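File shown here: input09.cif, holding mmCIF, C-alpha atoms.
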```cif
data_coords
loop_
_atom_site.group_PDB
_atom_site.id
_atom_site.type_symbol
_atom_site.label_atom_id
_atom_site.label_comp_id
_atom_site.auth_asym_id
_atom_site.auth_seq_id
_atom_site.Cartn_x
_atom_site.Cartn_y
_atom_site.Cartn_z
ATOM 1 C CA MET Y 26 15.535 2.957 8.518
ATOM 2 C CA SER Y 27 13.520 -0.203 8.297
ATOM 3 C CA LEU Y 28 12.505 -2.385 11.201
ATOM 4 C CA SER Y 29 12.789 -6.156 11.126
ATOM 5 C CA GLN Y 30 12.084 -8.990 13.546
ATOM 6 C CA PHE Y 31 9.127 -7.034 14.940
ATOM 7 C CA ARG Y 32 7.436 -8.963 17.746
ATOM 8 C CA VAL Y 33 5.397 -8.669 20.922
ATOM 9 C CA ASP Y 34 7.531 -9.169 24.034
ATOM 10 C CA GLU Y 35 5.591 -11.621 26.166
ATOM 11 C CA GLN Y 36 8.398 -12.096 28.668
ATOM 12 C CA PRO Y 37 7.801 -10.785 32.201
ATOM 13 C CA HIS Y 38 8.447 -7.041 32.464
ATOM 14 C CA THR Y 39 7.380 -4.181 34.700
ATOM 15 C CA MET Y 40 5.869 -1.959 32.012
ATOM 16 C CA ASP Y 41 2.096 -1.467 32.180
ATOM 17 C CA GLY Y 42 1.292 -2.034 28.544
ATOM 18 C CA LEU Y 43 2.240 -3.736 25.320
ATOM 19 C CA ARG Y 44 6.004 -3.978 24.839
ATOM 20 C CA LEU Y 45 7.329 -4.656 21.348
ATOM 21 C CA LEU Y 46 10.838 -5.388 20.130
ATOM 22 C CA ALA Y 47 12.399 -4.946 16.701
ATOM 23 C CA GLN Y 48 15.742 -4.502 15.005
ATOM 24 C CA ASP Y 49 17.093 -1.718 12.808
ATOM 25 C CA GLY Y 50 20.162 -3.521 11.538
ATOM 26 C CA ALA Y 51 22.254 -4.139 14.655
ATOM 27 C CA VAL Y 52 20.331 -1.599 16.752
ATOM 28 C CA GLY Y 53 17.625 -2.926 19.037
ATOM 29 C CA VAL Y 54 14.405 -0.921 19.014
ATOM 30 C CA GLU Y 55 11.818 -1.051 21.773
ATOM 31 C CA ALA Y 56 8.263 0.196 21.291
ATOM 32 C CA PHE Y 57 5.578 0.603 23.897
ATOM 33 C CA VAL Y 58 1.809 1.040 23.805
ATOM 34 C CA SER Y 59 0.509 1.780 27.286
ATOM 35 C CA ARG Y 60 -2.419 -0.146 28.704
ATOM 36 C CA LYS Y 61 -4.385 3.129 28.775
ATOM 37 C CA VAL Y 62 -3.773 3.692 25.043
ATOM 38 C CA MET Y 63 -4.778 0.085 24.294
ATOM 39 C CA ASP Y 64 -7.919 0.619 26.428
ATOM 40 C CA VAL Y 65 -8.881 3.774 24.500
ATOM 41 C CA TRP Y 66 -8.156 2.114 21.139
ATOM 42 C CA ALA Y 67 -10.302 -0.916 22.018
ATOM 43 C CA GLU Y 68 -13.065 1.280 23.482
ATOM 44 C CA SER Y 69 -13.131 3.405 20.313
ATOM 45 C CA ILE Y 70 -14.067 0.256 18.381
ATOM 46 C CA GLU Y 71 -16.238 -1.584 20.917
ATOM 47 C CA HIS Y 72 -18.437 1.415 21.860
ATOM 48 C CA THR Y 73 -19.540 -0.495 24.958
ATOM 49 C CA GLY Y 74 -19.740 2.540 27.193
ATOM 50 C CA GLY Y 75 -18.285 0.481 30.030
ATOM 51 C CA ARG Y 76 -14.748 1.273 31.000
ATOM 52 C CA GLN Y 77 -13.126 -2.075 31.681
ATOM 53 C CA SER Y 78 -9.368 -1.991 31.418
ATOM 54 C CA LEU Y 79 -7.528 -4.680 29.509
ATOM 55 C CA PHE Y 80 -5.391 -7.157 31.391
ATOM 56 C CA ARG Y 81 -1.891 -8.139 30.260
ATOM 57 C CA VAL Y 82 -3.053 -11.388 28.654
ATOM 58 C CA GLN Y 83 -5.673 -9.436 26.687
ATOM 59 C CA TYR Y 84 -3.443 -6.636 25.408
ATOM 60 C CA ASN Y 85 -0.655 -9.087 24.545
ATOM 61 C CA ALA Y 86 -3.182 -11.183 22.588
ATOM 62 C CA LEU Y 87 -4.461 -8.055 20.824
ATOM 63 C CA GLY Y 88 -0.855 -7.137 20.063
ATOM 64 C CA GLN Y 89 -0.220 -10.548 18.505
ATOM 65 C CA LEU Y 90 -3.431 -10.382 16.475
ATOM 66 C CA ASN Y 91 -2.694 -6.827 15.286
ATOM 67 C CA VAL Y 92 1.097 -6.951 15.051
ATOM 68 C CA ALA Y 93 1.149 -5.846 11.377
ATOM 69 C CA ALA Y 94 -0.946 -2.722 12.080
ATOM 70 C CA ILE Y 95 1.100 -1.852 15.181
ATOM 71 C CA GLU Y 96 4.324 -2.415 13.231
ATOM 72 C CA ARG Y 97 3.181 0.113 10.599
ATOM 73 C CA ILE Y 98 2.384 2.678 13.319
ATOM 74 C CA VAL Y 99 5.721 2.146 15.085
ATOM 75 C CA SER Y 100 7.686 2.156 11.825
ATOM 76 C CA ARG Y 101 6.061 5.424 10.728
ATOM 77 C CA LYS Y 102 6.989 7.079 14.024
ATOM 78 C CA TYR Y 103 10.467 5.522 14.042
ATOM 79 C CA ARG Y 104 11.238 6.853 10.537
ATOM 80 C CA ARG Y 105 10.657 10.403 11.764
ATOM 81 C CA GLY Y 106 13.860 9.936 13.752
ATOM 82 C CA ALA Y 107 15.302 11.365 16.939
ATOM 83 C CA ALA Y 108 13.922 14.853 16.245
ATOM 84 C CA SER Y 109 10.359 13.683 16.924
ATOM 85 C CA ASN Y 110 11.145 10.780 19.266
ATOM 86 C CA ARG Y 111 13.042 12.163 22.230
ATOM 87 C CA GLN Y 112 13.913 8.697 23.526
ATOM 88 C CA HIS Y 113 14.935 7.343 20.093
ATOM 89 C CA PRO Y 114 15.255 4.347 19.469
ATOM 90 C CA PHE Y 115 12.550 3.831 22.143
ATOM 91 C CA ILE Y 116 9.170 4.538 20.534
ATOM 92 C CA GLU Y 117 6.148 5.304 22.684
ATOM 93 C CA VAL Y 118 2.940 4.950 20.706
ATOM 94 C CA LEU Y 119 0.355 7.539 21.681
ATOM 95 C CA PHE Y 120 -3.321 7.398 20.814
ATOM 96 C CA SER Y 121 -2.739 10.367 18.504
ATOM 97 C CA ASP Y 122 -0.253 8.210 16.542
ATOM 98 C CA ILE Y 123 -2.937 5.536 16.189
ATOM 99 C CA ALA Y 124 -5.641 8.030 15.194
ATOM 100 C CA ASP Y 125 -3.335 9.704 12.654
ATOM 101 C CA SER Y 126 -2.442 6.323 11.145
ATOM 102 C CA GLY Y 127 -6.037 5.309 10.449
ATOM 103 C CA GLU Y 128 -5.158 1.747 11.494
ATOM 104 C CA THR Y 129 -7.956 -0.336 12.950
ATOM 105 C CA LEU Y 130 -7.716 -2.819 15.778
ATOM 106 C CA ASN Y 131 -9.022 -6.328 15.187
ATOM 107 C CA LEU Y 132 -10.970 -7.242 18.326
ATOM 108 C CA SER Y 133 -12.396 -10.491 16.948
ATOM 109 C CA GLU Y 134 -10.571 -12.615 19.512
ATOM 110 C CA LEU Y 135 -10.889 -10.286 22.509
ATOM 111 C CA VAL Y 136 -12.542 -12.066 25.411
ATOM 112 C CA ARG Y 137 -13.718 -9.893 28.263
ATOM 113 C CA GLU Y 138 -14.060 -11.846 31.456
ATOM 114 C CA PRO Y 139 -16.815 -10.668 33.825
ATOM 115 C CA LEU Y 140 -15.349 -8.785 36.736
ATOM 116 C CA PRO Y 141 -15.864 -10.191 40.215
ATOM 117 C CA PRO Y 142 -18.352 -8.239 42.375
ATOM 118 C CA SER Y 143 -15.517 -6.718 44.423
ATOM 119 C CA PHE Y 144 -14.420 -4.751 41.289
ATOM 120 C CA HIS Y 145 -17.768 -3.021 40.818
ATOM 121 C CA ARG Y 146 -18.324 0.338 42.446
ATOM 122 C CA LEU Y 147 -21.137 0.612 44.890
ATOM 123 C CA ALA Y 148 -23.534 3.529 44.483
#
```
With the file now loaded, output its structure as structure tokens.
Amino acid sequence: MSLSQFRVDEQPHTMDGLRLLAQDGAVGVEAFVSRKVMDVWAESIEHTGGRQSLFRVQYNALGQLNVAAIERIVSRKYRRGAASNRQHPFIEVLFSDIADSGETLNLSELVREPLPPSFHRLA
């Protein structure tokens, strides 16, 4: 079981996170990293202390920049098969999968836009 044609799906979709597509021979494989998981992964590296969620453009860009690392995480989980992936061949990447993999996220091109005042909580 080896994945090929691994790529970030930047087409419009209704999923709140990073959607990835790949092939296992003739079988299409979909992987998903939720926005929350991407937020925690980025926060674990940034150590900013401020909880600012990523926007779609940001997590798609991070996905493109880190596609090789994410592919290794997805492939590792995919190889475990249907017994450990209830929705096989759909693979949901959890933060525990990322932590177990030891993969790091390259944030060198992450640009955090300042939030407008209406997004800040008032004391």
Requested in this report: Determine the nearest neighbour of Val82 of chain Y from the options Y:Val118, Y:Arg60, Y:Tyr103, Y:Asp49, counting only C-alpha atoms.
Outcome: Y:Arg60
Kindly resolve the PyMOL selection byres ((chain Y and resi 84-92) around 9) on the present coordinates and return the residues as an mmCIF file with C-alpha atoms, keeping the file's coordinate frame.
```cif
data_model
loop_
_atom_site.group_PDB
_atom_site.id
_atom_site.type_symbol
_atom_site.label_atom_id
_atom_site.label_comp_id
_atom_site.auth_asym_id
_atom_site.auth_seq_id
_atom_site.Cartn_x
_atom_site.Cartn_y
_atom_site.Cartn_z
ATOM 1 C CA PHE Y 31 9.127 -7.034 14.940
ATOM 2 C CA ARG Y 32 7.436 -8.963 17.746
ATOM 3 C CA VAL Y 33 5.397 -8.669 20.922
ATOM 4 C CA ASP Y 34 7.531 -9.169 24.034
ATOM 5 C CA GLU Y 35 5.591 -11.621 26.166
ATOM 6 C CA GLY Y 42 1.292 -2.034 28.544
ATOM 7 C CA LEU Y 43 2.240 -3.736 25.320
ATOM 8 C CA ARG Y 44 6.004 -3.978 24.839
ATOM 9 C CA LEU Y 45 7.329 -4.656 21.348
ATOM 10 C CA ARG Y 60 -2.419 -0.146 28.704
ATOM 11 C CA MET Y 63 -4.778 0.085 24.294
ATOM 12 C CA ASP Y 64 -7.919 0.619 26.428
ATOM 13 C CA LEU Y 79 -7.528 -4.680 29.509
ATOM 14 C CA PHE Y 80 -5.391 -7.157 31.391
ATOM 15 C CA ARG Y 81 -1.891 -8.139 30.260
ATOM 16 C CA VAL Y 82 -3.053 -11.388 28.654
ATOM 17 C CA GLN Y 83 -5.673 -9.436 26.687
ATOM 18 C CA ALA Y 93 1.149 -5.846 11.377
ATOM 19 C CA ALA Y 94 -0.946 -2.722 12.080
ATOM 20 C CA ILE Y 95 1.100 -1.852 15.181
ATOM 21 C CA GLU Y 96 4.324 -2.415 13.231
ATOM 22 C CA ARG Y 97 3.181 0.113 10.599
ATOM 23 C CA THR Y 129 -7.956 -0.336 12.950
ATOM 24 C CA LEU Y 130 -7.716 -2.819 15.778
ATOM 25 C CA ASN Y 131 -9.022 -6.328 15.187
ATOM 26 C CA LEU Y 132 -10.970 -7.242 18.326
ATOM 27 C CA SER Y 133 -12.396 -10.491 16.948
ATOM 28 C CA GLU Y 134 -10.571 -12.615 19.512
ATOM 29 C CA LEU Y 135 -10.889 -10.286 22.509
#
```
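Under the PyMOL selection byres ((chain Y and resi 27) around 9), the matching residues in the shown file are Met26, Leu28, Ser29, Gln48, Asp49, Gly50, Ser100, Tyr103 and Arg104 of chain Y.
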Query raised in the report: So how far away is atom CA of Val54 of chain Y from atom CA of Pro114 of chain Y, in Å?
Result: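 Atom CA of Pro114 of chain Y sits 5.4 Å away from atom CA of Val54 of chain Y.
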Query raised in the report: Please, what distance in Å, to one decimal, runs between atom CA of Ala51 of chain Y and atom CA of Glu128 of chain Y?
Result: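 Separating atom CA of Ala51 of chain Y from atom CA of Glu128 of chain Y is a distance of 28.2 Å.
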Query raised in the report: To one decimal place, how far is atom CA of Val65 of chain Y from atom CA of Arg101 of chain Y in Å?
Result: 20.4 Å
Query - Distance criterion (all atoms listed in the file): nearest to Met40 of chain Y out of Y:Gly53, Y:Val136, Y:Val99, Y:Glu117 - result: Y:Glu117
